[in-house]
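Okay, target_15.cif is below, mmCIF, C-alpha atoms:
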```cif
data_structure
#
loop_
_atom_site.label_atom_id
_atom_site.label_comp_id
_atom_site.auth_asym_id
_atom_site.auth_seq_id
_atom_site.Cartn_x
_atom_site.Cartn_y
_atom_site.Cartn_z
CA MET K 11 51.59 113.04 85.14
CA SER K 12 54.46 112.88 87.60
CA MET K 13 56.35 109.62 88.02
CA VAL K 14 56.96 110.49 91.66
CA SER K 15 53.39 110.62 92.92
CA PRO K 16 51.10 108.15 91.18
CA PRO K 17 48.60 109.34 88.54
CA ARG K 18 45.29 110.40 90.05
CA LEU K 19 42.05 108.67 89.09
CA GLY K 20 38.51 109.96 89.39
CA VAL K 21 36.09 107.03 89.50
CA LEU K 22 32.39 107.55 88.77
CA VAL K 23 29.94 105.00 90.12
CA SER K 24 26.22 104.38 90.61
CA GLY K 25 25.93 101.05 92.39
CA ARG K 26 27.76 98.30 94.16
CA GLY K 27 31.23 99.42 93.11
CA SER K 28 32.73 96.05 92.26
CA ASN K 29 34.82 97.62 89.50
CA LEU K 30 35.98 100.34 91.93
CA ARG K 31 37.07 97.55 94.22
CA ALA K 32 38.88 95.82 91.33
CA ILE K 33 40.76 99.07 90.66
CA LEU K 34 41.71 99.40 94.35
CA ASP K 35 42.79 95.74 94.46
CA ALA K 36 44.98 96.22 91.37
CA ILE K 37 46.58 99.25 93.02
CA ASP K 38 47.16 97.27 96.23
CA ARG K 39 48.68 94.38 94.28
CA GLY K 40 50.99 96.81 92.50
CA SER K 41 49.71 95.94 89.03
CA LEU K 42 48.25 99.44 88.64
CA HIS K 43 50.42 102.41 89.53
CA ALA K 44 47.72 104.94 90.36
CA ARG K 45 45.72 106.44 93.17
CA VAL K 46 41.97 106.96 93.36
CA ALA K 47 41.75 110.66 94.21
CA ILE K 48 37.96 110.92 94.25
CA VAL K 49 34.85 108.80 93.86
CA ILE K 50 31.73 110.49 92.47
CA SER K 51 28.39 108.71 92.67
CA SER K 52 25.18 109.56 90.80
CA LYS K 53 23.19 107.99 93.64
CA ASN K 54 23.04 108.30 97.41
CA ASP K 55 23.73 105.42 99.73
CA VAL K 56 25.17 102.95 97.23
CA PRO K 57 27.69 100.30 98.35
CA ALA K 58 30.35 101.91 96.13
CA LEU K 59 30.42 104.90 98.50
CA GLN K 60 31.02 102.61 101.46
CA ILE K 61 33.99 101.12 99.60
CA ALA K 62 35.36 104.64 99.08
CA GLU K 63 34.73 105.56 102.70
CA ASP K 64 36.41 102.39 103.98
CA ALA K 65 39.42 103.05 101.75
CA GLY K 66 39.71 106.63 102.97
CA ILE K 67 38.96 108.05 99.53
CA PRO K 68 37.12 111.38 99.32
CA TRP K 69 33.69 110.96 97.73
CA ARG K 70 30.85 113.12 96.48
CA VAL K 71 27.29 112.48 95.35
CA ILE K 72 26.24 114.38 92.23
CA ARG K 73 22.63 113.55 91.40
CA GLY K 74 21.27 114.71 88.05
CA ALA K 75 17.90 115.57 89.59
CA GLU K 76 19.53 118.24 91.73
CA TYR K 77 20.77 120.24 88.75
CA SER K 78 18.77 122.49 86.47
CA SER K 79 20.37 121.02 83.36
CA ARG K 80 22.70 118.33 82.17
CA ALA K 81 25.26 121.06 81.50
CA ALA K 82 25.05 122.23 85.12
CA GLU K 83 25.46 118.64 86.31
CA GLY K 84 28.47 118.27 83.99
CA ALA K 85 30.02 121.49 85.32
CA ALA K 86 29.69 120.17 88.88
CA ILE K 87 31.39 116.92 87.89
CA VAL K 88 34.25 118.72 86.12
CA ALA K 89 34.68 121.05 89.10
CA GLU K 90 35.05 118.09 91.48
CA LEU K 91 37.43 116.25 89.15
CA ARG K 92 39.56 119.38 88.76
CA ALA K 93 39.58 120.08 92.49
CA ALA K 94 40.87 116.53 93.00
CA MET K 95 43.50 117.09 90.29
CA VAL K 96 42.39 114.02 88.42
CA ASP K 97 44.54 112.79 85.52
CA LEU K 98 42.21 110.06 84.25
CA VAL K 99 38.47 109.56 84.70
CA VAL K 100 36.95 106.07 84.91
CA THR K 101 33.22 105.39 84.69
CA ALA K 102 32.71 102.08 86.43
CA GLY K 103 29.05 101.14 86.35
CA TYR K 104 28.12 104.81 86.16
CA GLY K 105 24.48 105.06 85.16
CA ARG K 106 24.44 108.56 83.66
CA ILE K 107 25.42 109.89 80.26
CA PHE K 108 27.85 112.79 80.43
CA ASP K 109 27.19 116.23 79.15
CA ALA K 110 29.49 116.90 76.18
CA SER K 111 31.39 119.47 78.27
CA VAL K 112 32.73 116.67 80.51
CA VAL K 113 33.92 114.73 77.46
CA GLU K 114 35.58 117.87 76.15
CA ALA K 115 37.27 118.69 79.47
CA TYR K 116 38.76 115.18 79.67
CA ARG K 117 39.19 114.32 75.98
CA TRP K 118 40.83 110.83 75.66
CA ARG K 119 41.02 110.78 79.45
CA ILE K 120 37.71 109.08 80.25
CA ILE K 121 37.48 105.28 80.17
CA ASN K 122 34.21 103.37 80.38
CA ILE K 123 33.55 99.67 80.98
CA HIS K 124 30.51 98.18 79.23
CA PRO K 125 29.21 94.63 79.87
CA SER K 126 28.96 93.55 76.22
CA LEU K 127 31.20 92.96 73.25
CA LEU K 128 30.54 96.36 71.69
CA PRO K 129 29.16 97.31 69.20
CA ALA K 130 26.70 94.55 70.16
CA PHE K 131 24.22 95.58 72.87
CA ALA K 132 25.31 99.18 73.21
CA GLY K 133 23.39 101.47 75.53
CA SER K 134 22.31 100.82 79.06
CA MET K 135 18.55 100.93 78.69
CA ALA K 136 16.57 98.17 80.39
CA PRO K 137 16.95 95.30 79.96
CA GLY K 138 20.71 95.61 80.40
CA PRO K 139 23.28 94.39 77.89
CA GLN K 140 23.63 91.01 79.60
CA ALA K 141 19.87 90.38 79.40
CA GLN K 142 19.89 91.51 75.78
CA ALA K 143 22.71 89.08 75.00
CA LEU K 144 20.79 86.26 76.64
CA ALA K 145 17.60 87.12 74.77
CA ALA K 146 19.48 87.30 71.47
CA GLY K 147 20.77 83.77 72.05
CA VAL K 148 24.45 84.58 71.53
CA LYS K 149 26.94 81.87 72.50
CA ILE K 150 29.74 84.34 73.26
CA ALA K 151 29.29 87.45 75.38
CA GLY K 152 31.83 89.71 77.04
CA CYS K 153 32.85 93.20 78.03
CA THR K 154 34.56 96.20 76.54
CA THR K 155 36.63 99.13 77.78
CA HIS K 156 36.59 102.21 75.59
CA PHE K 157 37.30 105.92 75.59
CA ILE K 158 34.19 107.98 76.11
CA THR K 159 33.33 110.28 73.24
CA GLU K 160 30.17 112.27 72.51
CA GLU K 161 28.59 109.17 70.95
CA THR K 162 27.27 106.76 73.61
CA ASP K 163 29.21 103.46 73.84
CA ALA K 164 30.89 104.14 70.51
CA GLY K 165 34.29 105.58 71.46
CA PRO K 166 37.51 103.79 70.50
CA ILE K 167 37.72 100.35 72.08
CA ILE K 168 40.70 99.72 74.36
CA MET K 169 40.25 96.08 75.41
CA GLN K 170 37.62 93.35 75.13
CA ALA K 171 37.20 90.00 76.85
CA ALA K 172 34.90 87.17 75.77
CA VAL K 173 33.04 84.64 77.91
CA PRO K 174 30.86 81.68 76.91
CA VAL K 175 27.10 81.85 77.37
CA LEU K 176 25.83 78.62 78.87
CA ASP K 177 22.45 77.05 78.12
CA ASP K 178 21.33 77.33 81.73
CA ASP K 179 22.55 80.89 82.28
CA THR K 180 20.30 83.41 83.92
CA VAL K 181 20.95 87.14 83.57
CA GLU K 182 22.62 86.94 86.99
CA THR K 183 24.99 84.05 86.22
CA LEU K 184 25.96 85.56 82.87
CA ALA K 185 26.44 89.02 84.41
CA GLU K 186 28.70 87.53 87.09
CA ARG K 187 30.83 85.69 84.51
CA ILE K 188 31.20 88.90 82.50
CA LEU K 189 31.95 90.88 85.67
CA ARG K 190 34.93 88.68 86.48
CA GLU K 191 36.41 89.72 83.12
CA GLU K 192 35.50 93.37 83.70
CA HIS K 193 37.56 93.24 86.87
CA LYS K 194 40.58 92.20 84.77
CA ILE K 195 40.34 94.42 81.71
CA LEU K 196 39.34 97.64 83.48
CA PRO K 197 42.48 97.91 85.65
CA ALA K 198 44.59 96.63 82.73
CA SER K 199 43.10 99.28 80.43
CA ILE K 200 43.71 102.04 82.98
CA ALA K 201 47.32 100.89 83.36
CA ALA K 202 47.82 100.83 79.59
CA VAL K 203 46.34 104.28 79.10
CA LEU K 204 48.37 105.71 81.99
CA ALA K 205 51.52 104.11 80.56
CA GLY K 206 50.80 105.96 77.32
CA THR K 207 50.98 102.81 75.23
CA VAL K 208 47.42 103.10 73.92
CA ARG K 209 47.16 105.32 70.88
CA VAL K 210 43.95 106.33 69.13
CA VAL K 211 44.16 106.10 65.34
CA ASP K 212 40.89 106.96 63.63
CA ARG K 213 38.25 105.05 65.56
CA ARG K 214 40.67 102.33 66.65
CA THR K 215 43.18 102.09 69.44
CA ILE K 216 46.53 100.45 68.92
CA GLN K 217 49.20 99.44 71.40
CA VAL K 218 52.52 101.14 70.86
CA THR K 219 55.76 99.94 72.45
CA GLU K 220 57.04 103.44 73.12
CA ALA K 221 54.95 105.46 75.49
CA LYS K 222 53.04 108.12 73.59
CA ASP K 223 50.16 110.43 74.22
CA ALA K 224 46.76 108.76 73.80
CA ARG K 225 45.60 111.55 71.53
CA SER K 226 45.69 110.70 67.84
CA MET W 29 16.87 60.53 58.20
CA SER W 30 18.04 56.98 57.87
CA MET W 31 21.00 55.81 59.94
CA VAL W 32 21.95 53.44 57.12
CA SER W 33 22.70 55.93 54.37
CA PRO W 34 24.16 59.19 55.69
CA PRO W 35 22.01 62.36 55.85
CA ARG W 36 22.09 64.32 52.62
CA LEU W 37 23.34 67.90 52.54
CA GLY W 38 22.64 70.58 49.98
CA VAL W 39 25.41 73.19 50.06
CA LEU W 40 24.88 76.63 48.53
CA VAL W 41 27.94 78.61 47.51
CA SER W 42 28.98 81.72 45.62
CA GLY W 43 32.77 81.80 45.71
CA ARG W 44 35.88 79.93 46.59
CA GLY W 45 34.17 77.18 48.51
CA SER W 46 36.54 76.90 51.45
CA ASN W 47 33.65 76.06 53.79
CA LEU W 48 32.40 73.44 51.31
CA ARG W 49 35.91 71.96 51.45
CA ALA W 50 35.83 72.04 55.26
CA ILE W 51 32.54 70.10 55.19
CA LEU W 52 34.01 67.53 52.78
CA ASP W 53 37.15 67.23 54.93
CA ALA W 54 35.05 66.66 58.07
CA ILE W 55 33.12 63.94 56.24
CA ASP W 56 36.38 62.34 55.06
CA ARG W 57 37.82 62.46 58.59
CA GLY W 58 34.67 60.82 59.92
CA SER W 59 33.79 63.70 62.25
CA LEU W 60 30.69 64.48 60.20
CA HIS W 61 28.37 61.62 59.24
CA ALA W 62 26.79 63.10 56.11
CA ARG W 63 27.04 63.26 52.37
CA VAL W 64 26.95 66.32 50.14
CA ALA W 65 24.18 65.43 47.69
CA ILE W 66 24.25 68.64 45.67
CA VAL W 67 26.13 71.94 45.42
CA ILE W 68 24.21 74.95 44.13
CA SER W 69 26.09 78.11 43.16
CA SER W 70 24.66 81.58 42.56
CA LYS W 71 27.58 82.29 40.22
CA ASN W 72 29.19 80.64 37.22
CA ASP W 73 32.79 79.52 37.19
CA VAL W 74 33.58 79.89 40.88
CA PRO W 75 36.23 77.68 42.53
CA ALA W 76 33.55 76.08 44.72
CA LEU W 77 32.12 74.38 41.63
CA GLN W 78 35.52 72.94 40.79
CA ILE W 79 35.68 71.50 44.31
CA ALA W 80 32.28 69.86 43.75
CA GLU W 81 33.32 68.58 40.32
CA ASP W 82 36.58 67.15 41.69
CA ALA W 83 34.68 65.43 44.51
CA GLY W 84 32.17 63.93 42.09
CA ILE W 85 29.28 65.88 43.61
CA PRO W 86 26.43 66.97 41.31
CA TRP W 87 26.28 70.75 40.99
CA ARG W 88 23.99 73.39 39.51
CA VAL W 89 24.23 77.10 38.90
CA ILE W 90 21.11 79.10 39.80
CA ARG W 91 21.68 82.76 39.03
CA GLY W 92 19.12 85.24 40.28
CA ALA W 93 19.39 87.30 37.10
CA GLU W 94 18.01 84.41 35.07
CA TYR W 95 14.71 84.31 36.96
CA SER W 96 11.77 86.67 36.62
CA SER W 97 11.39 86.99 40.39
CA ARG W 98 12.97 86.03 43.67
CA ALA W 99 10.09 83.59 44.15
CA ALA W 100 10.87 81.88 40.83
CA GLU W 101 14.56 81.66 41.81
CA GLY W 102 13.49 80.19 45.17
CA ALA W 103 11.26 77.64 43.48
CA ALA W 104 14.17 76.53 41.30
CA ILE W 105 16.39 76.13 44.37
CA VAL W 106 13.76 74.12 46.25
CA ALA W 107 13.18 71.94 43.18
CA GLU W 108 16.88 71.08 42.98
CA LEU W 109 17.16 70.44 46.71
CA ARG W 110 14.10 68.17 46.60
CA ALA W 111 15.33 66.32 43.53
CA ALA W 112 18.57 65.64 45.43
CA MET W 113 16.53 64.49 48.46
CA VAL W 114 18.37 66.90 50.72
CA ASP W 115 17.84 66.60 54.50
CA LEU W 116 19.73 69.73 55.55
CA VAL W 117 20.66 72.86 53.61
CA VAL W 118 23.91 74.73 54.31
CA THR W 119 24.65 78.20 52.95
CA ALA W 120 28.42 78.47 52.95
CA GLY W 121 29.47 81.86 51.65
CA TYR W 122 26.26 82.06 49.62
CA GLY W 123 25.82 85.63 48.43
CA ARG W 124 22.04 85.68 47.93
CA ILE W 125 19.14 86.15 50.31
CA PHE W 126 16.54 83.41 50.04
CA ASP W 127 12.96 83.92 49.07
CA ALA W 128 10.75 83.16 52.08
CA SER W 129 9.42 80.06 50.28
CA VAL W 130 12.85 78.41 50.59
CA VAL W 131 12.94 79.15 54.32
CA GLU W 132 9.44 77.72 54.64
CA ALA W 133 10.25 74.57 52.66
CA TYR W 134 13.29 73.84 54.86
CA ARG W 135 12.18 75.35 58.19
CA TRP W 136 14.91 74.72 60.86
CA ARG W 137 16.83 72.83 58.19
CA ILE W 138 18.93 75.66 56.75
CA ILE W 139 22.19 76.61 58.44
CA ASN W 140 24.20 79.71 57.55
CA ILE W 141 27.73 80.70 58.50
CA HIS W 142 28.40 84.41 58.99
CA PRO W 143 31.88 85.92 59.51
CA SER W 144 31.04 88.01 62.58
CA LEU W 145 29.91 87.57 66.15
CA LEU W 146 26.24 88.22 65.40
CA PRO W 147 24.29 90.39 66.12
CA ALA W 148 27.34 92.60 65.47
CA PHE W 149 27.98 93.29 61.79
CA ALA W 150 24.94 91.51 60.40
CA GLY W 151 24.23 91.68 56.68
CA SER W 152 26.62 91.11 53.84
CA MET W 153 26.61 94.54 52.23
CA ALA W 154 29.98 95.99 51.24
CA PRO W 155 32.23 96.38 53.08
CA GLY W 156 31.91 92.87 54.47
CA PRO W 157 31.55 92.02 58.16
CA GLN W 158 35.31 91.57 58.61
CA ALA W 159 36.03 95.05 57.21
CA GLN W 160 33.24 96.47 59.36
CA ALA W 161 34.77 94.84 62.45
CA LEU W 162 38.17 96.29 61.61
CA ALA W 163 36.74 99.77 61.01
CA ALA W 164 34.81 99.61 64.29
CA GLY W 165 38.06 98.89 66.13
CA VAL W 166 36.83 95.79 67.95
CA LYS W 167 39.48 93.70 69.70
CA ILE W 168 37.52 90.45 69.39
CA ALA W 169 35.89 89.28 66.17
CA GLY W 170 34.56 85.88 65.16
CA CYS W 171 31.96 83.88 63.31
CA THR W 172 28.49 82.52 63.88
CA THR W 173 26.41 79.61 62.64
CA HIS W 174 22.65 80.07 62.81
CA PHE W 175 19.40 78.76 61.45
CA ILE W 176 18.09 80.82 58.57
CA THR W 177 14.75 82.45 59.20
CA GLU W 178 12.89 85.14 57.26
CA GLU W 179 14.92 87.82 59.07
CA THR W 180 18.42 88.20 57.57
CA ASP W 181 21.26 87.05 59.87
CA ALA W 182 18.91 86.99 62.85
CA GLY W 183 17.88 83.32 63.15
CA PRO W 184 18.71 81.31 66.28
CA ILE W 185 22.46 81.04 66.80
CA ILE W 186 23.92 77.53 66.89
CA MET W 187 27.62 78.14 67.57
CA GLN W 188 30.04 81.06 67.73
CA ALA W 189 33.82 81.27 67.82
CA ALA W 190 35.92 84.29 68.78
CA VAL W 191 39.30 85.40 67.46
CA PRO W 192 41.53 88.30 68.48
CA VAL W 193 41.89 91.32 66.21
CA LEU W 194 45.53 92.35 65.96
CA ASP W 195 46.78 95.91 65.58
CA ASP W 196 48.40 95.18 62.24
CA ASP W 197 45.48 93.20 60.79
CA THR W 198 44.28 93.91 57.30
CA VAL W 199 40.83 92.80 56.16
CA GLU W 200 42.55 89.80 54.56
CA THR W 201 44.52 88.65 57.62
CA LEU W 202 41.48 89.07 59.87
CA ALA W 203 39.20 87.29 57.38
CA GLU W 204 41.65 84.37 57.20
CA ARG W 205 41.80 84.07 61.00
CA ILE W 206 38.02 84.07 61.18
CA LEU W 207 37.80 81.59 58.30
CA ARG W 208 39.89 79.05 60.19
CA GLU W 209 37.22 79.12 62.93
CA GLU W 210 34.40 78.95 60.37
CA HIS W 211 35.94 75.72 59.11
CA LYS W 212 35.58 74.28 62.61
CA ILE W 213 32.17 75.48 63.73
CA LEU W 214 30.32 74.92 60.45
CA PRO W 215 30.94 71.14 60.27
CA ALA W 216 30.44 70.91 64.05
CA SER W 217 27.12 72.75 63.79
CA ILE W 218 25.95 70.52 60.93
CA ALA W 219 26.86 67.45 62.96
CA ALA W 220 25.01 68.74 66.04
CA VAL W 221 21.88 69.60 64.06
CA LEU W 222 21.94 66.22 62.27
CA ALA W 223 22.37 64.47 65.62
CA GLY W 224 19.22 66.23 66.79
CA THR W 225 20.88 67.63 69.88
CA VAL W 226 20.26 71.27 68.96
CA ARG W 227 16.86 72.48 70.05
CA VAL W 228 15.35 75.87 69.31
CA VAL W 229 13.68 77.48 72.33
CA ASP W 230 12.33 80.95 71.58
CA ARG W 231 15.14 82.71 69.74
CA ARG W 232 17.86 80.62 71.37
CA THR W 233 19.26 77.20 70.65
CA ILE W 234 20.17 74.84 73.44
CA GLN W 235 22.06 71.57 73.42
CA VAL W 236 20.07 68.61 74.66
CA THR W 237 21.63 65.30 75.61
CA GLU W 238 18.81 63.24 74.15
CA ALA W 239 18.40 63.57 70.42
CA LYS W 240 15.30 65.63 69.66
CA ASP W 241 13.83 67.42 66.73
CA ALA W 242 15.33 70.87 66.14
CA ARG W 243 11.88 72.42 65.92
CA SER W 244 10.74 74.23 69.02
#
```
Could you write out this file's structure as structure tokens?
Amino acid sequence: MSMVSPPRLGVLVSGRGSNLRAILDAIDRGSLHARVAIVISSKNDVPALQIAEDAGIPWRVIRGAEYSSRAAEGAAIVAELRAAMVDLVVTAGYGRIFDASVVEAYRWRIINIHPSLLPAFAGSMAPGPQAQALAAGVKIAGCTTHFITEETDAGPIIMQAAVPVLDDDTVETLAERILREEHKILPASIAAVLAGTVRVVDRRTIQVTEAKDARS
Amino acid sequence: MSMVSPPRLGVLVSGRGSNLRAILDAIDRGSLHARVAIVISSKNDVPALQIAEDAGIPWRVIRGAEYSSRAAEGAAIVAELRAAMVDLVVTAGYGRIFDASVVEAYRWRIINIHPSLLPAFAGSMAPGPQAQALAAGVKIAGCTTHFITEETDAGPIIMQAAVPVLDDDTVETLAERILREEHKILPASIAAVLAGTVRVVDRRTIQVTEAKDARS
């Protein structure tokens, strides 16, 4: 990654794009030295694409249903990321699970945000992690950034943030409280990984003071 | 429970008894209006029994191996708790799983403390929850108080507390950090349940301003 032009991010989305916006805000504020080179959505006509359009960021829609296999879908994603010369991939509310070839192509260079304190409430099956947390009656919920590996929601954790669960929470109020923390730890995690201060050791990540490669 | 003489606790232990000490300290400080009527240990010669002895609290050892069945062990426990006229049972580092008859005899009147943010790292199989948290690479760990039901570590949660996991943590340093929070939320949970302000609704507990029965 050159220090002259900022590192290039590929952001994958499926919905309203609030985490994409948080990344763009962090870049605007100067707290994240990066540039979103491409936005890829798994769905047509989602608000996230409007955010990309408004920010002048190239975007593509890659819908699983349009590909003959998950591998073909993965190849299309990798082709777009490579064409955009992406250094780091961020899945920000992306509703699909990658083909292993994508993970392999961007090993230790894909970051996901998940709205639970993993390993609790892994997976994104309905009801979502926030609803699962509420149903389980936990008093503390939160969110997690982690590297994507072949195992869903089980890659090395980069950062976590906790929030209280209130007695009168609905899924919506809890999800919003968690989302505010997502908007902090996702840009912070991207910045830390780009700075090379996050190192993967076994299944854990540790912060190192000297910049090093994220690979263990 | 009479407001004249304090509610009577039965505390079950298996080890060093630091949570028993935290309960006794909270009583001494006046932040917990209760009295430990009996301490029951699943093991001989553990420090927890010395704490009971020094505090002038009657204690018994009920070792599973000495009973022909888990039901017989449970009956012995219930007999001791009843003889001590216990209002609320607290398992504080107790290494055994109750027979269902104990749960039934003290329905919504048994509180457990578990050194993880349940539902993560439930169970007390080796390695313990703190070691599991460390191995999983979580950045936030914690502890949970909950009512004991027939399902292990899955009863309604009363309180939780979170602590950071540090890069240089060992199982011991993390366990100590969690333990300091256990010493806060366990007496606080006992006090809330005794005050009748904790109400079980479905699988969740909620705080009510009027004192009510804990039963849903």
Spatial neighbours of Asp196 of chain W, max dist 12 Å, all atoms listed in the file, sep filter under 6 positions, as a PDB file with C-alpha atoms, in the coordinates of the input:
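Everything below was put into part_3.pdb:
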```pdb
ATOM      1  CA  ARG K 214      40.670 102.330  66.650  1.00  0.00           C
ATOM      2  CA  THR K 215      43.180 102.090  69.440  1.00  0.00           C
ATOM      3  CA  ILE K 216      46.530 100.450  68.920  1.00  0.00           C
ATOM      4  CA  GLN K 217      49.200  99.440  71.400  1.00  0.00           C
ATOM      5  CA  VAL K 218      52.520 101.140  70.860  1.00  0.00           C
TER       6      VAL K 218
ATOM      7  CA  LEU W 162      38.170  96.290  61.610  1.00  0.00           C
ATOM      8  CA  GLY W 165      38.060  98.890  66.130  1.00  0.00           C
ATOM      9  CA  LYS W 167      39.480  93.700  69.700  1.00  0.00           C
ATOM     10  CA  LEU W 202      41.480  89.070  59.870  1.00  0.00           C
TER      11      LEU W 202
END
```
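Here the question is which of K:Asp163, K:Gly152, K:Leu22, K:Ile107 gets nearest to Arg190 of chain K using only C-alpha atoms, and that residue is K:Gly152.
When all atoms listed in the file are used to compute distances to His61 of chain W, the closest of the residues W:Pro34, W:Ile90, W:Gly123, W:Thr172 turns out to be W:Pro34.
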Quick check on the file I pasted: which residues fall under the PyMOL selection byres ((chain K) within 9 of (chain W))? Write them as JSON, numbers by chain. {"K": [127, 128, 129, 130, 131, 144, 145, 146, 147, 148, 149, 150, 154, 164, 166, 167, 168, 169, 170, 171, 172, 176, 177, 178, 212, 213, 214, 215, 216, 217]}
Which polymer residues have any atom within 9 Å of an atom of segment 100-104 of chain W, counting only C-alpha atoms, with same-chain residues fewer than 5 positions away left out, as a compact mmCIF listing (two decimals) with C-alpha atoms, in the frame of the given file?
```txt
# COMPACT_ATOMS: atom_id res chain seq x y z
CA ILE W 90 21.11 79.10 39.80
CA ARG W 91 21.68 82.76 39.03
CA GLY W 92 19.12 85.24 40.28
CA ALA W 93 19.39 87.30 37.10
CA GLU W 94 18.01 84.41 35.07
CA TYR W 95 14.71 84.31 36.96
CA LEU W 109 17.16 70.44 46.71
CA PHE W 126 16.54 83.41 50.04
CA ASP W 127 12.96 83.92 49.07
CA ALA W 128 10.75 83.16 52.08
CA SER W 129 9.42 80.06 50.28
CA VAL W 130 12.85 78.41 50.59
```
What separation in Å, quoted to one decimal, exists between atom CA of Ile68 of chain W and atom CA of Leu116 of chain W?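 Atom CA of Ile68 of chain W sits 13.3 Å away from atom CA of Leu116 of chain W.
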Here's a test: counting all atoms listed in the file, identify every protein, DNA and RNA residue with an atom at most 12 Å from (20.1, 102.6, 77.7) in the file's coordinate frame, and state them as a VMD selection string. chain K and resid 104 to 107 124 131 to 139 142 162 to 163
Output C-alpha atoms of each residue in that selection to a file, as a PDB file, in the coordinates of the input.
```pdb
ATOM      1  CA  TYR K 104      28.120 104.810  86.160  1.00  0.00           C
ATOM      2  CA  GLY K 105      24.480 105.060  85.160  1.00  0.00           C
ATOM      3  CA  ARG K 106      24.440 108.560  83.660  1.00  0.00           C
ATOM      4  CA  ILE K 107      25.420 109.890  80.260  1.00  0.00           C
ATOM      5  CA  HIS K 124      30.510  98.180  79.230  1.00  0.00           C
ATOM      6  CA  PHE K 131      24.220  95.580  72.870  1.00  0.00           C
ATOM      7  CA  ALA K 132      25.310  99.180  73.210  1.00  0.00           C
ATOM      8  CA  GLY K 133      23.390 101.470  75.530  1.00  0.00           C
ATOM      9  CA  SER K 134      22.310 100.820  79.060  1.00  0.00           C
ATOM     10  CA  MET K 135      18.550 100.930  78.690  1.00  0.00           C
ATOM     11  CA  ALA K 136      16.570  98.170  80.390  1.00  0.00           C
ATOM     12  CA  PRO K 137      16.950  95.300  79.960  1.00  0.00           C
ATOM     13  CA  GLY K 138      20.710  95.610  80.400  1.00  0.00           C
ATOM     14  CA  PRO K 139      23.280  94.390  77.890  1.00  0.00           C
ATOM     15  CA  GLN K 142      19.890  91.510  75.780  1.00  0.00           C
ATOM     16  CA  THR K 162      27.270 106.760  73.610  1.00  0.00           C
ATOM     17  CA  ASP K 163      29.210 103.460  73.840  1.00  0.00           C
TER      18      ASP K 163
END
```
Between atom CA of Thr101 of chain K and atom CA of Gly27 of chain K, what is the distance, to one decimal in Å?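 Atom-to-atom, atom CA of Thr101 of chain K to atom CA of Gly27 of chain K, that is 10.5 Å.
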With distances taken over only C-alpha atoms, which residue among K:Arg70, K:His193, K:Arg119, K:Arg92 lies nearest Leu34 of chain K?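 Of all the options, K:His193 lies closest to Leu34 of chain K.
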Neighbouring residues of Glu192 of chain K were defined as those with any atom within 8 Å, considering all atoms listed in the file; residues of the same chain fewer than 2 positions away were excluded. Please report them as a ChimeraX atom specification. /K:29,123,125,153-154,171,188-190,194-196
Point-to-point distance in Å for atom CA of Val100 of chain K and atom CA of Val113 of chain K: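 Between these atoms lies a distance of 11.8 Å.
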If the PyMOL selection byres ((chain K and resi 200) around 10) is run on the structure shown, which residues does it catch, given as a PyMOL selection string? chain K and resi 19+33+42-44+98-100+119-122+155+168+195-199+201-206+208
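Distances here use only C-alpha atoms; by that measure, the residue among K:Glu191, K:Val88, K:Ser79, K:Ser41 closest to Ser28 of chain K is K:Glu191.
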